[in-house]
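So this one's start.cif, mmCIF, C-alpha atoms:
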data_target
#
loop_
_atom_site.label_atom_id
_atom_site.label_comp_id
_atom_site.auth_asym_id
_atom_site.auth_seq_id
_atom_site.Cartn_x
_atom_site.Cartn_y
_atom_site.Cartn_z
CA MET F 437 113.42 -40.67 -43.14
CA GLU F 438 110.37 -39.08 -44.46
CA PRO F 439 108.48 -36.61 -42.25
CA VAL F 440 105.20 -37.73 -40.71
CA SER F 441 102.28 -36.00 -42.44
CA LYS F 442 99.47 -34.40 -40.30
CA PRO F 443 95.94 -35.44 -41.11
CA ARG F 444 93.99 -32.83 -43.16
CA ILE F 445 90.66 -31.55 -42.04
CA GLU F 446 88.37 -30.86 -44.90
CA ARG F 447 86.21 -27.69 -44.89
CA GLY F 448 83.00 -29.63 -44.37
CA GLN F 449 84.43 -31.58 -41.50
CA ALA F 450 85.60 -28.36 -39.83
CA PHE F 451 82.05 -26.94 -39.99
CA VAL F 452 80.59 -30.05 -38.35
CA ILE F 453 83.12 -29.88 -35.55
CA LEU F 454 82.38 -26.19 -34.99
CA LEU F 455 78.66 -26.90 -34.68
CA ALA F 456 79.36 -29.65 -32.15
CA VAL F 457 81.49 -27.35 -30.03
CA VAL F 458 78.92 -24.55 -30.10
CA GLY F 459 76.12 -26.99 -29.27
CA GLY F 460 78.08 -28.33 -26.34
CA LEU F 461 78.71 -24.88 -24.99
CA ALA F 462 75.05 -23.99 -25.32
CA ALA F 463 74.03 -27.13 -23.49
CA ALA F 464 76.50 -26.43 -20.75
CA MET F 465 75.24 -22.88 -20.37
CA ALA F 466 71.62 -24.00 -20.28
CA GLY F 467 72.37 -26.53 -17.56
CA SER F 468 74.29 -24.14 -15.32
CA PRO F 469 72.96 -21.14 -13.34
CA ARG F 470 73.16 -17.67 -14.87
CA PRO F 471 74.55 -15.46 -12.11
CA ASP F 472 73.80 -12.10 -13.66
CA GLY F 473 70.47 -12.66 -15.49
CA PRO F 474 66.83 -12.78 -14.32
CA PRO F 475 65.33 -16.20 -13.65
CA PRO F 476 63.10 -17.60 -16.35
CA PRO F 477 59.48 -16.54 -15.95
CA PRO F 478 57.10 -19.06 -14.34
CA PRO F 479 54.65 -20.80 -16.60
CA LEU F 480 51.44 -18.88 -17.18
CA GLU F 481 48.48 -19.95 -15.05
CA VAL F 482 45.20 -19.86 -16.94
CA GLU F 483 42.15 -19.37 -14.69
CA ALA F 484 39.15 -21.48 -15.49
CA SER F 485 36.33 -19.28 -16.75
CA GLU F 486 33.13 -19.14 -14.70
CA PRO F 487 30.17 -20.84 -16.34
CA ILE F 488 27.68 -18.42 -17.84
CA VAL F 489 24.34 -18.59 -16.05
CA ASN F 490 21.36 -16.99 -17.72
CA GLU F 491 19.30 -15.66 -14.82
CA PRO F 492 15.74 -14.53 -15.43
CA PRO F 493 15.36 -10.74 -15.49
CA ALA F 494 14.09 -8.89 -12.45
CA ARG F 495 10.29 -8.76 -12.59
CA VAL F 496 7.40 -7.13 -10.76
CA VAL F 497 4.02 -8.85 -11.09
CA LEU F 498 0.65 -7.62 -9.82
CA LEU F 499 -1.65 -10.54 -9.03
CA ALA F 500 -5.33 -9.77 -8.49
CA HIS F 501 -8.64 -11.56 -8.24
CA THR F 502 -12.02 -10.14 -9.23
CA THR F 503 -15.40 -11.22 -7.90
CA PRO F 504 -18.38 -11.92 -10.21
CA THR F 505 -19.31 -8.23 -9.80
CA GLY F 506 -15.89 -7.12 -11.07
CA ALA F 507 -14.59 -5.95 -7.69
CA VAL F 508 -10.94 -6.64 -6.81
CA ASP F 509 -10.74 -8.54 -3.53
CA VAL F 510 -7.12 -9.77 -3.74
CA ALA F 511 -4.23 -7.51 -4.78
CA THR F 512 -0.64 -8.61 -4.24
CA VAL F 513 2.52 -7.17 -5.80
CA TYR F 514 5.38 -9.66 -6.23
CA GLY F 515 8.91 -8.46 -6.89
CA PHE F 516 11.79 -10.74 -7.88
CA GLU F 517 15.16 -9.03 -8.15
CA ARG F 518 17.02 -12.36 -7.97
CA PRO F 519 15.96 -15.92 -8.80
CA SER F 520 16.39 -17.16 -5.22
CA GLU F 521 14.42 -14.54 -3.31
CA GLY F 522 11.59 -12.09 -3.66
CA ALA F 523 9.17 -9.80 -1.87
CA ALA F 524 5.40 -9.57 -1.84
CA LEU F 525 3.22 -6.66 -0.81
CA LEU F 526 -0.40 -7.43 0.13
CA ILE F 527 -2.75 -4.50 -0.56
CA PRO F 528 -6.12 -4.30 1.24
CA PRO F 529 -8.67 -3.82 -1.59
CA SER F 530 -10.51 -1.01 0.20
CA THR F 531 -7.37 1.17 0.08
CA LEU F 532 -8.09 4.58 -1.48
CA VAL F 533 -5.80 5.60 -4.36
CA GLU F 534 -5.84 8.06 -7.24
CA VAL F 535 -7.13 6.31 -10.36
CA PRO F 536 -6.26 8.63 -13.26
CA SER F 537 -9.46 9.87 -14.94
CA LEU F 538 -11.64 8.38 -12.19
CA GLY F 539 -10.31 10.38 -9.25
CA THR F 540 -9.93 8.88 -5.80
CA GLN F 541 -11.26 5.32 -5.76
CA THR F 542 -10.58 2.10 -3.93
CA ILE F 543 -8.36 -0.58 -5.41
CA ALA F 544 -11.47 -2.75 -5.31
CA ASP F 545 -13.26 -0.52 -7.83
CA ALA F 546 -10.40 0.14 -10.26
CA VAL F 547 -11.30 -2.66 -12.68
CA ARG F 548 -15.07 -2.48 -12.23
CA LEU F 549 -15.16 1.27 -12.98
CA GLY F 550 -12.17 1.35 -15.30
CA SER F 551 -10.01 -1.46 -16.63
CA VAL F 552 -7.13 -3.80 -15.81
CA ASP F 553 -4.76 -1.19 -17.27
CA LEU F 554 -6.14 1.43 -14.89
CA LEU F 555 -5.67 -0.94 -11.96
CA GLU F 556 -2.02 -1.44 -12.90
CA LEU F 557 -1.50 2.30 -13.39
CA ALA F 558 -3.18 3.14 -10.08
CA VAL F 559 -0.94 0.71 -8.17
CA GLU F 560 2.19 1.95 -9.95
CA ASN F 561 1.23 5.52 -9.10
CA ALA F 562 0.40 4.74 -5.47
CA LEU F 563 3.60 2.81 -4.81
CA GLY F 564 6.00 4.61 -7.15
CA ILE F 565 7.12 1.44 -8.90
CA THR F 566 7.11 -0.08 -12.37
CA ILE F 567 4.96 -3.18 -12.83
CA ASP F 568 6.01 -5.53 -15.64
CA GLU F 569 2.96 -7.81 -15.72
CA THR F 570 -0.54 -7.82 -14.28
CA VAL F 571 -2.54 -11.00 -13.79
CA VAL F 572 -6.24 -10.64 -13.00
CA LEU F 573 -8.04 -13.93 -12.38
CA ASP F 574 -11.74 -14.60 -11.85
CA ASP F 575 -13.23 -17.41 -9.74
CA THR F 576 -12.94 -20.00 -12.50
CA GLU F 577 -9.33 -19.13 -13.29
CA VAL F 578 -8.30 -19.29 -9.63
CA ALA F 579 -9.87 -22.74 -9.38
CA LEU F 580 -8.04 -23.84 -12.53
CA ALA F 581 -4.73 -22.49 -11.23
CA PHE F 582 -5.06 -24.60 -8.07
CA ALA F 583 -6.72 -27.69 -9.59
CA PRO F 584 -3.63 -29.46 -11.04
CA ALA F 585 -2.14 -29.77 -7.54
CA ASN F 586 -4.97 -31.97 -6.15
CA ASN F 587 -3.72 -31.42 -2.58
CA VAL F 588 -1.62 -28.57 -1.23
CA GLU F 589 0.45 -27.93 1.89
CA ILE F 590 -0.73 -24.83 3.74
CA ASP F 591 0.39 -23.19 6.97
CA LEU F 592 -2.30 -21.09 8.67
CA ARG F 593 -1.31 -18.60 11.34
CA ARG F 594 -4.75 -18.63 12.95
CA ASP F 595 -7.99 -20.56 12.96
CA VAL F 596 -10.01 -19.84 9.84
CA ARG F 597 -13.73 -19.99 9.20
CA VAL F 598 -15.09 -19.24 5.74
CA GLU F 599 -18.72 -19.02 4.70
CA ASP F 600 -19.42 -18.83 0.99
CA PRO F 601 -22.11 -20.16 -1.40
CA GLU F 602 -20.43 -23.58 -1.34
CA GLY F 603 -20.73 -23.97 2.41
CA VAL F 604 -18.57 -23.50 5.51
CA ILE F 605 -14.84 -24.14 5.89
CA SER F 606 -13.38 -24.46 9.39
CA LEU F 607 -9.63 -25.00 9.72
CA SER F 608 -7.31 -24.85 12.71
CA ALA F 609 -4.06 -22.90 12.80
CA GLY F 610 -0.85 -24.64 11.79
CA PRO F 611 0.61 -26.60 8.86
CA GLN F 612 -1.73 -29.08 7.17
CA THR F 613 -2.73 -30.64 3.86
CA ILE F 614 -5.94 -29.54 2.20
CA ASP F 615 -7.46 -30.17 -1.19
CA ALA F 616 -6.96 -27.66 -4.00
CA PRO F 617 -10.59 -26.45 -4.17
CA THR F 618 -10.51 -25.59 -0.46
CA ALA F 619 -7.26 -23.65 -0.90
CA ALA F 620 -8.79 -21.69 -3.78
CA ARG F 621 -11.82 -20.82 -1.63
CA LEU F 622 -9.53 -19.58 1.17
CA LEU F 623 -7.82 -17.22 -1.27
CA ILE F 624 -11.02 -15.60 -2.51
CA ALA F 625 -13.16 -15.91 0.60
CA PRO F 626 -15.70 -13.06 0.86
CA VAL F 627 -14.96 -10.68 3.73
CA ALA F 628 -16.29 -7.33 4.86
CA ALA F 629 -14.08 -4.27 4.35
CA GLN F 630 -13.39 -3.92 8.05
CA GLU F 631 -12.03 -7.50 8.06
CA GLU F 632 -9.63 -7.06 5.12
CA LEU F 633 -6.54 -6.54 7.26
CA ASP F 634 -7.29 -9.73 9.18
CA GLN F 635 -7.77 -11.60 5.90
CA GLN F 636 -4.32 -10.77 4.50
CA PRO F 637 -2.48 -13.56 6.42
CA VAL F 638 -4.99 -16.07 5.05
CA ILE F 639 -4.43 -14.78 1.52
CA ARG F 640 -0.69 -15.08 2.09
CA ALA F 641 -1.02 -18.69 3.26
CA ALA F 642 -3.15 -19.63 0.24
CA LEU F 643 -0.76 -17.96 -2.21
CA GLU F 644 2.25 -19.69 -0.66
CA ALA F 645 0.40 -23.02 -0.82
CA TRP F 646 -0.10 -22.49 -4.56
CA ARG F 647 3.54 -21.46 -5.05
CA ARG F 648 4.71 -24.64 -3.31
CA ALA F 649 2.40 -26.71 -5.49
CA VAL F 650 3.65 -25.30 -8.79
CA ARG F 651 7.22 -26.26 -7.97
CA ASP F 652 6.15 -29.60 -9.39
CA ALA F 653 6.89 -29.42 -13.11
CA SER F 654 3.68 -31.12 -14.22
CA VAL F 655 1.55 -28.81 -12.06
CA ALA F 656 3.50 -25.80 -13.30
CA ASP F 657 2.91 -26.69 -16.95
CA GLN F 658 -0.85 -26.82 -16.43
CA ALA F 659 -0.91 -23.62 -14.34
CA ARG F 660 0.84 -21.70 -17.13
CA LEU F 661 -2.09 -22.51 -19.42
CA VAL F 662 -4.52 -20.58 -17.22
CA ASP F 663 -3.04 -17.16 -18.06
CA GLU F 664 0.10 -16.36 -20.03
CA ASN F 665 1.07 -13.70 -17.48
CA LEU F 666 1.27 -16.38 -14.78
CA HIS F 667 4.53 -17.59 -16.32
CA SER F 668 6.74 -15.28 -14.22
CA LEU F 669 5.10 -16.32 -10.95
CA VAL F 670 5.33 -20.00 -11.87
CA ASP F 671 8.96 -19.66 -12.95
CA GLN F 672 9.84 -18.00 -9.63
CA ALA F 673 7.92 -20.49 -7.48
CA GLY F 674 11.15 -21.74 -5.90
CA ALA F 675 12.17 -18.31 -4.60
CA ALA F 676 11.87 -17.55 -0.91
CA VAL F 677 9.39 -14.68 -0.60
CA HIS F 678 9.05 -12.22 2.27
CA TYR F 679 5.50 -10.88 2.69
CA ASP F 680 4.36 -7.52 4.04
CA THR F 681 0.99 -5.78 4.15
CA LEU F 682 0.82 -2.22 2.85
CA PRO F 683 0.74 0.15 5.87
CA VAL F 684 -2.69 1.73 6.00
CA ASP F 685 -4.99 3.50 8.43
CA GLY F 686 -8.69 2.73 8.63
CA ILE F 687 -11.13 5.57 8.04
CA SER F 688 -14.91 5.66 8.00
CA VAL F 689 -16.51 6.97 4.82
CA GLY F 690 -20.30 7.15 5.03
CA GLY F 691 -20.37 4.34 7.54
CA THR F 692 -18.13 2.14 5.35
CA THR F 693 -14.54 1.25 6.22
CA ARG F 694 -11.89 2.52 3.83
CA TYR F 695 -8.11 2.65 4.17
CA SER F 696 -5.64 5.45 3.51
CA ILE F 697 -1.99 4.74 2.81
CA ARG F 698 0.33 5.65 5.67
CA ARG F 699 2.67 7.41 3.30
CA ALA F 700 5.97 7.62 5.20
CA ASP F 701 5.79 3.99 6.35
CA ALA F 702 4.67 2.82 2.90
CA ASP F 703 7.50 4.63 1.13
CA GLU F 704 10.06 3.11 3.49
CA LEU F 705 8.62 -0.38 3.02
CA VAL F 706 8.44 -0.14 -0.76
CA ALA F 707 12.02 1.15 -0.96
CA ARG F 708 13.21 -1.77 1.15
CA ALA F 709 11.18 -4.52 -0.50
CA LEU F 710 10.91 -3.30 -4.11
CA GLY F 711 13.70 -0.75 -4.37
CA PHE F 712 14.93 -2.15 -7.68
CA ALA F 713 11.56 -1.27 -9.26
CA LEU F 714 11.26 2.34 -8.06
CA VAL F 715 10.40 4.79 -10.85
CA ALA F 716 13.11 7.24 -11.90
CA GLY F 717 15.51 5.74 -9.36
CA GLY F 718 13.41 6.67 -6.34
CA GLY F 719 13.58 9.99 -4.54
CA ASP F 720 10.89 12.55 -3.90
CA ARG F 721 8.15 12.61 -6.53
CA PRO F 722 6.47 15.87 -7.48
CA ARG F 723 2.71 15.90 -6.97
CA VAL F 724 1.15 16.20 -10.41
CA GLU F 725 -2.29 17.42 -11.45
CA ILE F 726 -3.60 16.42 -14.89
CA LEU F 727 -6.41 18.54 -16.35
CA ASN F 728 -8.17 17.51 -19.55
CA GLY F 729 -8.69 20.70 -21.51
CA SER F 730 -9.37 19.09 -24.87
CA GLY F 731 -12.29 16.83 -24.09
CA ALA F 732 -10.50 13.89 -25.73
CA ILE F 733 -11.54 10.49 -24.39
CA ARG F 734 -9.00 8.52 -22.33
CA VAL F 735 -6.35 11.21 -22.70
CA THR F 736 -5.85 11.58 -18.93
CA PRO F 737 -4.68 8.00 -18.26
CA ARG F 738 -2.47 8.13 -21.34
CA VAL F 739 -0.76 11.21 -19.91
CA ALA F 740 -0.48 9.52 -16.52
CA GLN F 741 1.19 6.52 -18.16
CA VAL F 742 4.01 8.90 -19.12
CA VAL F 743 4.06 10.93 -15.91
CA VAL F 744 4.39 8.00 -13.48
CA PRO F 745 7.44 6.24 -14.98
CA ASN F 746 9.14 9.62 -15.30
CA GLY F 747 8.94 10.16 -11.55
CA GLY F 748 5.70 12.10 -11.06
CA GLU F 749 2.95 11.15 -8.62
CA VAL F 750 -0.50 11.85 -10.01
CA THR F 751 -2.52 13.18 -7.09
CA ARG F 752 -5.41 14.85 -8.91
CA THR F 753 -7.17 14.50 -12.26
CA ASP F 754 -10.05 16.61 -13.53
CA ASN F 755 -11.49 18.41 -16.55
CA VAL F 756 -11.07 22.04 -17.49
CA PRO F 757 -14.59 23.56 -17.36
CA GLY F 758 -15.90 23.78 -20.89
CA PHE F 759 -12.70 22.26 -22.34
CA GLY F 760 -11.67 24.43 -25.33
CA VAL F 761 -7.93 24.59 -24.51
CA ALA F 762 -5.95 24.80 -27.76
CA GLU F 763 -2.34 24.56 -26.54
CA SER F 764 -1.06 22.09 -23.95
CA GLN F 765 0.97 23.59 -21.15
CA ILE F 766 2.71 22.74 -17.90
CA GLN F 767 2.90 25.02 -14.88
CA TYR F 768 5.12 24.59 -11.84
CA GLN F 769 4.22 26.08 -8.48
CA ASP F 770 7.71 26.75 -7.18
CA GLU F 771 11.18 27.18 -8.69
CA ALA F 772 12.19 23.98 -6.91
CA ASP F 773 9.73 22.15 -9.19
CA ALA F 774 10.95 23.73 -12.44
CA ASP F 775 13.32 20.89 -13.34
CA ALA F 776 10.60 18.28 -12.80
CA ALA F 777 8.20 20.29 -14.92
CA HIS F 778 10.67 20.52 -17.81
CA ARG F 779 11.47 16.82 -17.54
CA LEU F 780 7.79 15.91 -17.80
CA ALA F 781 7.30 18.39 -20.64
CA GLU F 782 10.08 16.73 -22.62
CA ALA F 783 8.62 13.26 -22.00
CA LEU F 784 5.15 14.43 -23.09
CA GLY F 785 6.28 16.57 -26.01
CA ILE F 786 4.81 19.74 -24.50
CA VAL F 787 6.59 22.99 -25.39
CA ARG F 788 5.01 25.56 -23.12
CA VAL F 789 6.31 25.47 -19.52
CA THR F 790 5.66 28.40 -17.19
CA ALA F 791 5.58 29.32 -13.52
CA ALA F 792 2.09 29.47 -12.02
CA ALA F 793 0.76 33.00 -11.65
CA GLN F 794 -0.98 32.08 -8.40
CA PRO F 795 0.86 29.18 -6.76
CA VAL F 796 -1.11 26.61 -4.81
CA ASN F 797 0.09 24.14 -2.20
CA VAL F 798 -1.93 21.06 -3.12
CA VAL F 799 0.17 20.11 -6.19
CA ASP F 800 3.67 20.85 -7.46
CA VAL F 801 3.10 20.57 -11.22
CA SER F 802 -0.08 21.12 -13.26
CA ILE F 803 -0.44 19.62 -16.72
CA VAL F 804 -3.20 21.05 -18.91
CA ILE F 805 -3.90 18.97 -21.99
CA GLY F 806 -4.96 20.94 -25.04
CA ALA F 807 -6.26 20.04 -28.49
CA ASP F 808 -2.69 19.98 -29.86
CA PHE F 809 -1.62 17.08 -27.62
CA ALA F 810 -0.69 13.95 -29.54
CA PRO F 811 0.09 11.10 -27.13
CA ALA F 812 2.25 8.21 -28.27
CA PRO F 813 0.20 5.24 -29.49
#

Rewrite the structure of this file - the entire thing - as structure tokens.
Amino acid sequence: MEPVSKPRIERGQAFVILLAVVGGLAAAMAGSPRPDGPPPPPPLEVEASEPIVNEPPARVVLLAHTTPTGAVDVATVYGFERPSEGAALLIPPSTLVEVPSLGTQTIADAVRLGSVDLLELAVENALGITIDETVVLDDTEVALAFAPANNVEIDLRRDVRVEDPEGVISLSAGPQTIDAPTAARLLIAPVAAQEELDQQPVIRAALEAWRRAVRDASVADQARLVDENLHSLVDQAGAAVHYDTLPVDGISVGGTTRYSIRRADADELVARALGFALVAGGGDRPRVEILNGSGAIRVTPRVAQVVVPNGGEVTRTDNVPGFGVAESQIQYQDEADADAAHRLAEALGIVRVTAAAQPVNVVDVSIVIGADFAPAP
């Protein structure tokens, strides 16, 4: 009897079988727990990215109105650090401030005796802030800014009576609807200096009425055409604004009422309401005197435009008798003021910085402008 032959497994068949066995083992291992290995990591969770919102930049806008004689009778500083909220500071026009090159003047006279730029500089210097835009409107421009609204909603805190060349306006306190021309007249109503503080709530009500009106897109588009610098105020019309009046004390000057800034209270208010706009990060500002020793025209305000944003408070401007100063120089009254003096010297490009031979207490730093001074254009 012949022996039974065993089936032969070819080399290729053996390889296929081996792969099947290995695959089975791998499947079995994958399906069973691994007692001595770490668990597989959880799937990655990808957080949804926040949408990018382009917020308008923080802005400070000075809004003013001038009468036909050129006097400022409305001056309000608006500050918007965020799109949803802002602050406004109402300034009585008869407030006395230092207007570089003109000396101590009222806000009311800054444009009439100087220019819009000097008004802006004087307010920046008085408050210690940086103003991004200044809007100065006359009677016609105020009327045009209100006109597109037809009617406006206004909330008066007290009864109001206005007498102007167009007649008499009598309105009771409380919320009400009035026509745009009446609202414009309330904003620029003529008042005596001693009544300016009482007029500020009326100015506030008229300004808020206009801001409510320009929340309408069609009204806003037409208001922007009145003055290009109105754009920021129109764009921020939806922001909730908190109003304050600059703290001042009344004084009598030759039988006329003027106001002096109540410095400590004003500094506290400005820091709270407009802190984001404080020059040089806030802090104490050295009192700076600017003396024109060259006789150059308009050199004093150009120096002040450098001094103020670099943290100095211009408290006095004058001329050197006879001019004739060749080299510009800066003197500091006390060693505590040396750093401020050097900082201002660097900003102005002045080389000579010395301690005053005879210190005085009315200023901290004196800047004498000589013939060599070359202000930036």

* Quick one: apply the PyMOL selection byres ((chain F and resi 760) around 7) to the file and drop the selected residues here as a list in words. =>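 Checking the PyMOL selection byres ((chain F and resi 760) around 7) against this file, the residues are Gly729, Ser730, Gly758, Phe759, Val761 and Ala762 of chain F.
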
Surrounding residues of stretch 792-797 of chain F excluding itself and chain neighbours under 6 positions, 10 Å, all atoms listed in the file, as a short mmCIF file (atom, residue, chain, number, x, y, z; two decimals) with C-alpha atoms, in the frame of the given file:
data_model
loop_
_atom_site.label_atom_id
_atom_site.label_comp_id
_atom_site.auth_asym_id
_atom_site.auth_seq_id
_atom_site.Cartn_x
_atom_site.Cartn_y
_atom_site.Cartn_z
CA ARG F 723 2.71 15.90 -6.97
CA ILE F 766 2.71 22.74 -17.90
CA GLN F 767 2.90 25.02 -14.88
CA TYR F 768 5.12 24.59 -11.84
CA GLN F 769 4.22 26.08 -8.48
CA ASP F 770 7.71 26.75 -7.18
CA GLU F 771 11.18 27.18 -8.69
#

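Atom CA of F:Asn755 to atom CA of F:Val789 spans 19.4 Å [interatomic distance, one decimal].
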
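In this model, the gap between atom CA of F:Pro504 and atom CA of F:Gln636 comes to 20.4 Å.
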
May I have the residues within 8 Å of F:Val572 as a PDB file with C-alpha atoms, in the coordinates of the input, using only C-alpha atoms and disregarding those fewer than 2 positions away in the same chain?
ATOM      1  CA  LEU F 499      -1.650 -10.540  -9.030  1.00  0.00           C
ATOM      2  CA  ALA F 500      -5.330  -9.770  -8.490  1.00  0.00           C
ATOM      3  CA  HIS F 501      -8.640 -11.560  -8.240  1.00  0.00           C
ATOM      4  CA  THR F 502     -12.020 -10.140  -9.230  1.00  0.00           C
ATOM      5  CA  VAL F 552      -7.130  -3.800 -15.810  1.00  0.00           C
ATOM      6  CA  THR F 570      -0.540  -7.820 -14.280  1.00  0.00           C
ATOM      7  CA  ASP F 574     -11.740 -14.600 -11.850  1.00  0.00           C
TER       8      ASP F 574
END

* Excluding same-chain residues fewer than 2 positions from F:Gln765, what lies within 9 Å of it counting all atoms listed in the file, as a list in words? -> Glu763, Gln767, Ala781, Ile786, Val787, Arg788, Val789, Thr790, Ser802, Ile803, Val804, Ile805 and Gly806 of chain F

* Taking the file above as input, evaluate the PyMOL selection byres ((chain F and resi 527-529) around 8) and report the hits as a list in words. =>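 So the PyMOL selection byres ((chain F and resi 527-529) around 8), applied here, picks out Val508, Asp509, Val510, Ala511, Thr512, Val513, Leu525, Leu526, Ser530, Thr531, Thr542, Ile543, Ala544, Glu632, Leu633, Gln636, Thr681, Leu682 and Tyr695 of chain F.
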
* To do: Evaluate the PyMOL selection byres ((chain F and resi 700-711) around 7) and record the selected residues as number ranges by chain, following the chain and residue labels used in the document.
  => F: 515, 523, 563, 682-683, 697-699, 712-714

Selection: 9 Å around stretch 584-588 of chain F, only C-alpha atoms, excl. self and same-chain fewer than 4 positions, as a PDB file with C-alpha atoms, in the frame of the given file:
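Wrote selection_39.pdb, looks like this:
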ATOM      1  CA  LEU F 580      -8.040 -23.840 -12.530  1.00  0.00           C
ATOM      2  CA  GLN F 612      -1.730 -29.080   7.170  1.00  0.00           C
ATOM      3  CA  THR F 613      -2.730 -30.640   3.860  1.00  0.00           C
ATOM      4  CA  ILE F 614      -5.940 -29.540   2.200  1.00  0.00           C
ATOM      5  CA  ASP F 615      -7.460 -30.170  -1.190  1.00  0.00           C
ATOM      6  CA  ALA F 616      -6.960 -27.660  -4.000  1.00  0.00           C
ATOM      7  CA  PRO F 617     -10.590 -26.450  -4.170  1.00  0.00           C
ATOM      8  CA  ALA F 619      -7.260 -23.650  -0.900  1.00  0.00           C
ATOM      9  CA  ALA F 645       0.400 -23.020  -0.820  1.00  0.00           C
ATOM     10  CA  TRP F 646      -0.100 -22.490  -4.560  1.00  0.00           C
ATOM     11  CA  ARG F 648       4.710 -24.640  -3.310  1.00  0.00           C
ATOM     12  CA  ALA F 649       2.400 -26.710  -5.490  1.00  0.00           C
ATOM     13  CA  VAL F 650       3.650 -25.300  -8.790  1.00  0.00           C
ATOM     14  CA  ASP F 652       6.150 -29.600  -9.390  1.00  0.00           C
ATOM     15  CA  SER F 654       3.680 -31.120 -14.220  1.00  0.00           C
ATOM     16  CA  VAL F 655       1.550 -28.810 -12.060  1.00  0.00           C
ATOM     17  CA  ALA F 656       3.500 -25.800 -13.300  1.00  0.00           C
ATOM     18  CA  GLN F 658      -0.850 -26.820 -16.430  1.00  0.00           C
ATOM     19  CA  ALA F 659      -0.910 -23.620 -14.340  1.00  0.00           C
TER      20      ALA F 659
END

* **Residue nearest F:Ser520 among F:His667, F:Arg721, F:His678, F:Arg738 (counting all atoms listed in the file)** =>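 Closest to F:Ser520 of all the choices is F:His678.
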
* To do: Excluding F:Thr618 and residues on its chain fewer than 4 positions from it, collect all residues at most 12 Å away from it, counting all atoms listed in the file, and give them as JSON, numbers by chain.
  => {"F": [578, 579, 582, 583, 585, 586, 587, 588, 589, 590, 596, 597, 598, 599, 600, 602, 603, 604, 605, 606, 607, 613, 614, 622, 623, 624, 625, 642, 645, 646]}

Print the selection's residues with C-alpha atoms to a file, as a PDB file, in the coordinates of the input.
ATOM      1  CA  VAL F 578      -8.300 -19.290  -9.630  1.00  0.00           C
ATOM      2  CA  ALA F 579      -9.870 -22.740  -9.380  1.00  0.00           C
ATOM      3  CA  PHE F 582      -5.060 -24.600  -8.070  1.00  0.00           C
ATOM      4  CA  ALA F 583      -6.720 -27.690  -9.590  1.00  0.00           C
ATOM      5  CA  ALA F 585      -2.140 -29.770  -7.540  1.00  0.00           C
ATOM      6  CA  ASN F 586      -4.970 -31.970  -6.150  1.00  0.00           C
ATOM      7  CA  ASN F 587      -3.720 -31.420  -2.580  1.00  0.00           C
ATOM      8  CA  VAL F 588      -1.620 -28.570  -1.230  1.00  0.00           C
ATOM      9  CA  GLU F 589       0.450 -27.930   1.890  1.00  0.00           C
ATOM     10  CA  ILE F 590      -0.730 -24.830   3.740  1.00  0.00           C
ATOM     11  CA  VAL F 596     -10.010 -19.840   9.840  1.00  0.00           C
ATOM     12  CA  ARG F 597     -13.730 -19.990   9.200  1.00  0.00           C
ATOM     13  CA  VAL F 598     -15.090 -19.240   5.740  1.00  0.00           C
ATOM     14  CA  GLU F 599     -18.720 -19.020   4.700  1.00  0.00           C
ATOM     15  CA  ASP F 600     -19.420 -18.830   0.990  1.00  0.00           C
ATOM     16  CA  GLU F 602     -20.430 -23.580  -1.340  1.00  0.00           C
ATOM     17  CA  GLY F 603     -20.730 -23.970   2.410  1.00  0.00           C
ATOM     18  CA  VAL F 604     -18.570 -23.500   5.510  1.00  0.00           C
ATOM     19  CA  ILE F 605     -14.840 -24.140   5.890  1.00  0.00           C
ATOM     20  CA  SER F 606     -13.380 -24.460   9.390  1.00  0.00           C
ATOM     21  CA  LEU F 607      -9.630 -25.000   9.720  1.00  0.00           C
ATOM     22  CA  THR F 613      -2.730 -30.640   3.860  1.00  0.00           C
ATOM     23  CA  ILE F 614      -5.940 -29.540   2.200  1.00  0.00           C
ATOM     24  CA  LEU F 622      -9.530 -19.580   1.170  1.00  0.00           C
ATOM     25  CA  LEU F 623      -7.820 -17.220  -1.270  1.00  0.00           C
ATOM     26  CA  ILE F 624     -11.020 -15.600  -2.510  1.00  0.00           C
ATOM     27  CA  ALA F 625     -13.160 -15.910   0.600  1.00  0.00           C
ATOM     28  CA  ALA F 642      -3.150 -19.630   0.240  1.00  0.00           C
ATOM     29  CA  ALA F 645       0.400 -23.020  -0.820  1.00  0.00           C
ATOM     30  CA  TRP F 646      -0.100 -22.490  -4.560  1.00  0.00           C
TER      31      TRP F 646
END

* Compare F:Arg593, F:Arg495, F:Arg779, F:Arg548 by their minimum atom-to-atom distance to F:Ala716, counting all atoms listed in the file, and give me the closest one. =>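 Among the listed residues, the smallest separation from F:Ala716 belongs to F:Arg779.
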
* Asked: How many Å separate atom CA of F:Glu517 from atom CA of F:Val677?
  ->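 Taking atom CA of F:Glu517 as the start and atom CA of F:Val677 as the end point, the length is 11.1 Å.
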
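The smallest atom-to-atom distance between F:Pro637 and any of F:Ser551, F:Asp754, F:Arg594, F:Asn728, using only C-alpha atoms, is found for F:Arg594.
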